[in-house]
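A.B. asks: Below are the C-alpha cells for one structure; questions will follow.
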Amino acid sequence: METLITILIGVLVTVAVYLLLSRSLIRVILGSAILSHAVHLLLMTMGGLKKGGVPLIGEDNSTFTDALPQALILTAIVISFAVTAFLLVLAYRTYKETGQDNLDALRGFEDE
Amino acid sequence: MNNSIVLPMIIPLITGILLVFFRSHIRLQRIVSVVSIVCTVAISVYILQLIQQEGILRLDFGGWLPPYGILFVADSFSMLLVLTTSIITGILLLYAFASIGVTHEKMFFYPFVFFLITGVNGSFLTGDLFNLFVCFEVMLLASYVLITLGGRKVQLVESIKYISINVLSSWFFLVAIAYLYGTIGTLNMAHLSVRIAEVGQGPLLTVISLIFLIVFSLKAGLLLYFWLPGSYSAPPTVVAALFGALLTKVGVYALFRTFTLIFYHEPGITHKLIGVMAIVTMVFGSVGAIAYQDVRQIVAYNVVIAVGFILVGLAVSTEAGFQGSIYYLVHDMIIKALLYLIAGTMIYLTGKTRIDEMSGLIRNYPLLGWLFFITLLSLAGIPPLSGFIGKVYMGQGTIEAGAFLLLAVAFLSSIFVLYSLLRIFLNSFWGETIINEDDDVPLKKGMLVPCVLLGILTFALGIGVEGIAVYVQDAAETLMNPQIYIEAVLYER
C-alpha cells in the first residue's frame with residue numbers, strides 16, 4: 001500500500017512541476033494546488049498507513065492508528081486552501097489590471 | 001509553566017481581530033495599535049527579565065506534557081528577538097500613521113500588520129517544528145496581503161513571484177517535516193534533538209537537514225535571495241521596512257534553532273555548507289549593492305549582505321561567534337528599518353528612485369541627511385554605534401575557529417556596504433541642490449520622528465551594550481549547549 005501511494009505522490013509531483021513551469025498564471029496556481037495534495041499524501045504515508053483502531057482510550061482495540069499525521073494534514077490542507085484562494089484572487093486582479101495571464105508578458109515593470 | 005509567554009503572540013492576534021471591526025474608525029485603530037504594541041513591548045521585557053531569574057520558560061498548551069503536546073519555549077535568544085520585533089513594529093507604526101494614507105488604513109492595513117507580528121513572534125517562541133510551519137504561514141499570508149495591498153501593477157506582478165516562491169518553499173518545509181516524522185517519529189524540537197543524539201545523525205538525517213537548510217535559506221535570503229530585491233522594492237515604504245527588518249530574520253532564527261539544537265552532529269557537512277553559502281551571499285550581495293542606481297535595490301541588497309554576515313556566526317559555531325550573530329541580528333533589525341525608512345522618505349521627497357537623479361538633499365533636509373550619515377556609520381560598524389560590537393565578536397569567533405576566509409569576506413563585505421551607502425550619500429545628499437524653494441516638499445514631522453527614534457536606538461544599543469550583554473551571553477550559551485534547552489523542555493516538571 002505504501003509503495004502504491006508513493007508512486008501516486010510521484011505522479012502528482014510530476015504533473016504539478018509540469019504545470020508550475022508553464023507560462024500561464026492559472027496553470028501555475030493549479031500546479032501549486034496539486035503540489036500541496038502530493039505533500040499531504042506524503043505526510044500521511046510517512047506517518048505509516050497502519051490498520052488500527054481509533055486512537056481513543058476506552059475503545060477495544062489492540063492497535064491504534066497514529067493520529068498526529070492526520071492532524072498535520074488537516075492543518076496543512078487549511079493553509080494551502082487559504083493560499084490557493086488568495087493566489088486565485090491575485091491572478092484575477094492581475095488579469096484585470098494588465099489584461100495578461102502570460103507570465104512572460106508580465107515582466108519588466110522596473111519603473112512602472 | 002508560565003502563561004505569560006503566550007502573550008507576545010496572543011496580544012497582536014487579538015488586536016488584529018479587534019481592529020477588523022473598526023474599519024472606518026481610523027483614530028481608534030491608531031490608538032488601539034499603539035496601546036497594544038506598548039503592552040507587547042512591556043511584557044517582552046518582563047519575560048526576558050524572568051528568564052534570567054528562572055531559566056528557560058515553557059508553556060504546554062492544554063496541559064499536554066512534552067513531547068506529546070505543542071508548546072511554547074522562551075529562552076533569551078527568542079525573547080531578545082521578540083522584544084526587538086515589537087519595538088521596531090511600534091516605531092514603524094508611527095511612520096505608517098504619517099505616510100500610509102487613508103485608503104490603506106481603511107483597507108485593513110493595521111490588522112494585517114498585527115497578524116504579521118503574530119506570525120513572527122509565534123515563530124520565535126514555538127518549540128514544535130510543525131507549529132513553526134504554521135506560524136510561518138500566518139506570517140506569510142499576512143505578508144502576501146501587505147505586499148499586494150494598494151494593487152498597483154508593479155505590486156501585483158512582484159507579489160506573484162514572491163508568493164509563488166514562498167508556496168514552493170512551504171512545500172519543501174512540509175516535505176522535510178514528513179521525512180523527519182517518518183524517520184524520527186516526533187516533531188518536538190527538544191525531543192528531536194535527544195532522539196537524533198541517540199541514533200546518530202546518519203546520511204539520511206543529514207539529507208533531511210539539507211532540505212531544511214534550503215527551506216530556511218529561501219525565507220532568510222541566504223544564497224537563494226533572487227526573489228528578494230524585486231519584491232522588497234514593490235510595496236509602500238513602511239511595508240518594505242517591516243519585511244526588510246523582520247521577515248528575513250525569522251528565517252535566520254529558524255536556521256540558528258535547527259542547526260544548533262537539532263542537526264549539530266555533522267558540522268563538517270551542514271555548517272561548512274552554511275559557511276560557503278554565507279560567503280557567496282556576501283559576495284553577490286556586495287556586487288548587487290554597488291551595481292544598481294535604484295536606491296530601493298541598493299537597500300535590498302544590503303539586507304542580503306547582512307543575512308550572509310549573521311550566518312557567519314552559525315558557520316563557525318563558537319560562543320563568540322554566536323554572540324556576534326545575536327548582537328548583529330538585533331542591530332540589523334533596527335538599522336534596516338531605519339535604512340528603509342530613510343530611502344522611502346527620499347523617494348517621497350523627490351519623487352525619483354535613482355540616486356543620480358537626486359542631489360543636495362542635505363541642504364533642504366539637514367536632519368534626514370545626518371540620520372542617513374549615522375545609519376551609514378552604524379552599518380559600517382563604527383563605534384559607538386550598534387554595528388560595532390557585533391562585528392568585534394564576529395571577528396573573535398571566526399579567529400577562534402580558524403575560519404580566516406569567512407573573516408576576510410565578512411569584513412570585506414562591510415567595506416562594500418560602506419561604499420554602496422556612501423554612493424547614495426555623495427550622489428543624493430551632497431552636491432548642488434536641484435530642488436528650488438517653491439517645489440520644496442515639506443518633510444512631515446510624523447515621518448521624521450520614527451527615523452530619529454530608530455537613530456537614537458542605534459546609539460543606545462551601541463553605548464548601552466553592557467545593558468543587554470547579560471541576555472546575549474545567556475542566549476549564546478543556550479545555543480552553544482543544546483542540553484540546557486532540552487533539560488528545560490523535557491525534564492523540568
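Numbering starts fresh at 1 for the residues of each chain in the C-alpha cells, the chains themselves are lettered A, B, ... in the order given, and ligands are numbered from 1 as they appear.
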Starting from chain A, keep only residues with some atom at most 7 Å from an atom of chain B, counting only C-alpha atoms, and report them as a list in words.

C.D. replies: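 Close to chain B, chain A has Ser36, Val39, Leu42, Leu43, Met46, Gly47, Thr94, Glu97, Leu106, Phe109 and Glu112 of chain A.
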
A.B. asks: Step one, run DSSP on the backbone; step two, keep only residues of chain A assigned to strand (DSSP E or B); then write them as JSON, numbers by chain.

C.D. replies: {"A": [24, 53, 64, 102]}

A.B. asks: Please provide the set of residues having any atom within 10 Å of Ile290 of chain B, restricted to only C-alpha atoms, with same-chain residues fewer than 4 positions apart removed, written as a ChimeraX atom specification.

C.D. replies: /B:285-286,297-298,301-302,416-417,419-421,423

A.B. asks: Separation of atom CA of Phe81 of chain A and atom CA of Pro67 of chain B, in Å?

C.D. replies: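 Result for atom CA of Phe81 of chain A versus atom CA of Pro67 of chain B: 28.7 Å, one decimal.
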
A.B. asks: Just the residues within 7 Å of Ser76 of chain B, please, counting only C-alpha atoms, with nothing from its chain fewer than 2 positions along; format it as a list in words.

C.D. replies: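 So the residues in contact are Leu48, Ile51, Ala74, Ser78, Met79, Leu80, Tyr471, Asp474 and Ala475 of chain B.
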
A.B. asks: Tell me, as an MDAnalysis selection string, which residues lie within 12 Å of Met189 of chain B, counting only C-alpha atoms; anything in the same chain fewer than 4 positions away does not count.

C.D. replies: chainID B and resid 66:73 125:132 177 180:181 184:185 193:196 254 257:263 482 485:486 489:490

A.B. asks: As a PyMOL selection string, please: every residue in segment 277-433 of chain B that DSSP puts in helix (DSSP H, G or I).

C.D. replies: chain B and resi 277-291+295-316+319-350+355-357+361-364+366-380+387-401+404-429

A.B. asks: Only C-alpha atoms, please: the residues just picked out, written as a short mmCIF file (atom, residue, chain, number, x, y, z; two decimals), in the first residue's frame.

C.D. replies:
data_model
loop_
_atom_site.label_atom_id
_atom_site.label_comp_id
_atom_site.auth_asym_id
_atom_site.auth_seq_id
_atom_site.Cartn_x
_atom_site.Cartn_y
_atom_site.Cartn_z
CA MET B 277 26.51 29.89 1.26
CA ALA B 278 27.23 32.84 3.56
CA ILE B 279 30.37 33.72 1.60
CA VAL B 280 28.59 33.54 -1.76
CA THR B 281 25.68 35.57 -0.36
CA MET B 282 28.01 38.31 0.86
CA VAL B 283 29.96 38.42 -2.43
CA PHE B 284 26.86 38.53 -4.66
CA GLY B 285 25.08 40.88 -2.27
CA SER B 286 28.05 43.26 -2.43
CA VAL B 287 28.10 43.12 -6.22
CA GLY B 288 24.37 43.85 -6.29
CA ALA B 289 24.67 46.70 -3.81
CA ILE B 290 27.21 48.58 -5.90
CA ALA B 291 25.76 47.66 -9.29
CA VAL B 295 18.01 53.33 -4.08
CA ARG B 296 15.49 50.57 -3.27
CA GLN B 297 17.63 47.93 -4.96
CA ILE B 298 20.75 49.10 -3.12
CA VAL B 299 18.94 48.86 0.21
CA ALA B 300 17.52 45.43 -0.63
CA TYR B 301 20.98 44.09 -1.45
CA ASN B 302 22.19 45.46 1.87
CA VAL B 303 19.62 43.19 3.54
CA VAL B 304 21.12 40.26 1.63
CA ILE B 305 24.68 41.08 2.73
CA ALA B 306 23.59 41.29 6.37
CA VAL B 307 21.99 37.83 6.21
CA GLY B 308 25.26 36.39 4.96
CA PHE B 309 27.16 38.22 7.69
CA ILE B 310 24.90 36.98 10.50
CA LEU B 311 25.20 33.38 9.34
CA VAL B 312 28.98 33.51 9.55
CA GLY B 313 28.41 33.13 13.31
CA LEU B 314 26.44 29.93 12.76
CA ALA B 315 29.02 28.59 10.31
CA VAL B 316 31.83 28.87 12.86
CA GLU B 319 30.34 31.09 21.58
CA ALA B 320 31.87 34.40 20.50
CA GLY B 321 30.52 33.81 17.00
CA PHE B 322 27.01 33.26 18.36
CA GLN B 323 27.27 36.40 20.48
CA GLY B 324 28.36 38.33 17.41
CA SER B 325 25.41 36.97 15.43
CA ILE B 326 22.91 37.84 18.13
CA TYR B 327 24.24 41.38 18.58
CA TYR B 328 24.28 41.83 14.84
CA LEU B 329 20.79 40.38 14.44
CA VAL B 330 19.32 42.88 16.90
CA HIS B 331 21.36 45.72 15.41
CA ASP B 332 20.39 44.77 11.88
CA MET B 333 16.67 44.76 12.64
CA ILE B 334 16.95 48.33 13.92
CA ILE B 335 19.24 49.66 11.24
CA LYS B 336 17.49 48.05 8.26
CA ALA B 337 14.19 49.51 9.42
CA LEU B 338 15.90 52.92 9.60
CA LEU B 339 17.57 52.47 6.21
CA TYR B 340 14.31 51.53 4.52
CA LEU B 341 12.50 54.47 6.14
CA ILE B 342 15.14 56.96 5.01
CA ALA B 343 15.23 55.51 1.49
CA GLY B 344 11.43 55.64 1.32
CA THR B 345 11.41 59.21 2.63
CA MET B 346 13.95 60.22 -0.02
CA ILE B 347 11.70 58.79 -2.72
CA TYR B 348 8.69 60.52 -1.20
CA LEU B 349 10.51 63.88 -1.12
CA THR B 350 11.99 63.82 -4.61
CA ILE B 355 20.37 58.14 -6.94
CA ASP B 356 21.82 60.07 -9.88
CA GLU B 357 18.56 61.95 -10.21
CA LEU B 361 19.12 66.74 -0.20
CA ILE B 362 21.10 67.58 2.95
CA ARG B 363 20.64 71.33 2.30
CA ASN B 364 16.89 71.04 2.19
CA PRO B 366 19.62 68.53 7.11
CA LEU B 367 18.31 66.23 9.84
CA LEU B 368 17.43 63.49 7.35
CA GLY B 369 20.90 63.78 5.84
CA TRP B 370 22.60 63.44 9.19
CA LEU B 371 20.41 60.50 10.09
CA PHE B 372 21.49 58.80 6.90
CA PHE B 373 25.10 59.52 7.81
CA ILE B 374 24.58 57.88 11.21
CA THR B 375 22.96 54.86 9.54
CA LEU B 376 25.92 54.57 7.22
CA LEU B 377 28.41 54.67 10.10
CA SER B 378 26.37 52.21 12.13
CA LEU B 379 26.16 49.73 9.28
CA ALA B 380 29.88 50.05 8.66
CA GLY B 387 27.09 47.73 14.48
CA PHE B 388 30.46 47.76 16.20
CA ILE B 389 30.05 45.20 18.97
CA GLY B 390 28.56 42.54 16.69
CA LYS B 391 31.49 42.83 14.31
CA VAL B 392 34.02 42.60 17.14
CA TYR B 393 32.54 39.36 18.44
CA MET B 394 32.13 38.02 14.93
CA GLY B 395 35.82 38.69 14.28
CA GLN B 396 36.75 36.98 17.54
CA GLY B 397 34.54 33.99 16.75
CA THR B 398 35.96 33.43 13.29
CA ILE B 399 39.55 33.75 14.53
CA GLU B 400 38.92 31.26 17.35
CA ALA B 401 37.56 28.78 14.82
CA PHE B 404 40.06 33.13 8.06
CA LEU B 405 38.32 33.10 4.70
CA LEU B 406 34.99 33.76 6.42
CA LEU B 407 36.66 36.52 8.44
CA ALA B 408 38.12 38.16 5.35
CA VAL B 409 34.92 38.02 3.31
CA ALA B 410 32.77 39.20 6.21
CA PHE B 411 34.88 42.27 6.81
CA LEU B 412 35.39 42.99 3.12
CA SER B 413 31.61 42.93 2.73
CA SER B 414 31.41 45.69 5.37
CA ILE B 415 33.57 47.85 3.14
CA PHE B 416 31.21 47.23 0.23
CA VAL B 417 28.26 48.12 2.45
CA LEU B 418 30.03 51.35 3.35
CA TYR B 419 30.82 52.06 -0.30
CA SER B 420 27.30 51.36 -1.55
CA LEU B 421 25.81 53.70 1.07
CA LEU B 422 28.47 56.36 0.55
CA ARG B 423 27.43 56.35 -3.09
CA ILE B 424 23.88 57.23 -2.04
CA PHE B 425 25.22 59.83 0.38
CA LEU B 426 27.53 61.52 -2.11
CA ASN B 427 25.08 61.44 -5.01
CA SER B 428 21.84 62.29 -3.27
CA PHE B 429 22.68 64.23 -0.14
#

A.B. asks: How many Å lie between atom CA of Val215 of chain B and atom CA of Ser169 of chain B, rounded to one decimal?

C.D. replies: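 Computed distance, atom CA of Val215 of chain B to atom CA of Ser169 of chain B, equals 5.3 Å.
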
A.B. asks: Considering only C-alpha atoms, return as a list in words whatever protein or nucleic-acid residues lie within 12 Å of Ala67 of chain A, sequence-local ones (same chain, fewer than 3 positions apart) excluded.

C.D. replies: Leu43, Met44, Gly47, Gly48, Leu49, Lys50, Gly52, Gly53, Val54, Pro55, Leu56, Phe64, Gln70, Ala71, Leu72, Ile73 and Leu74 of chain A; Tyr68 of chain B

A.B. asks: Would you work out the distance separating atom CA of Gln100 of chain A from atom CA of Ala33 of chain A, expressed in Å to one decimal?

C.D. replies: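 It comes out at 21.2 Å.
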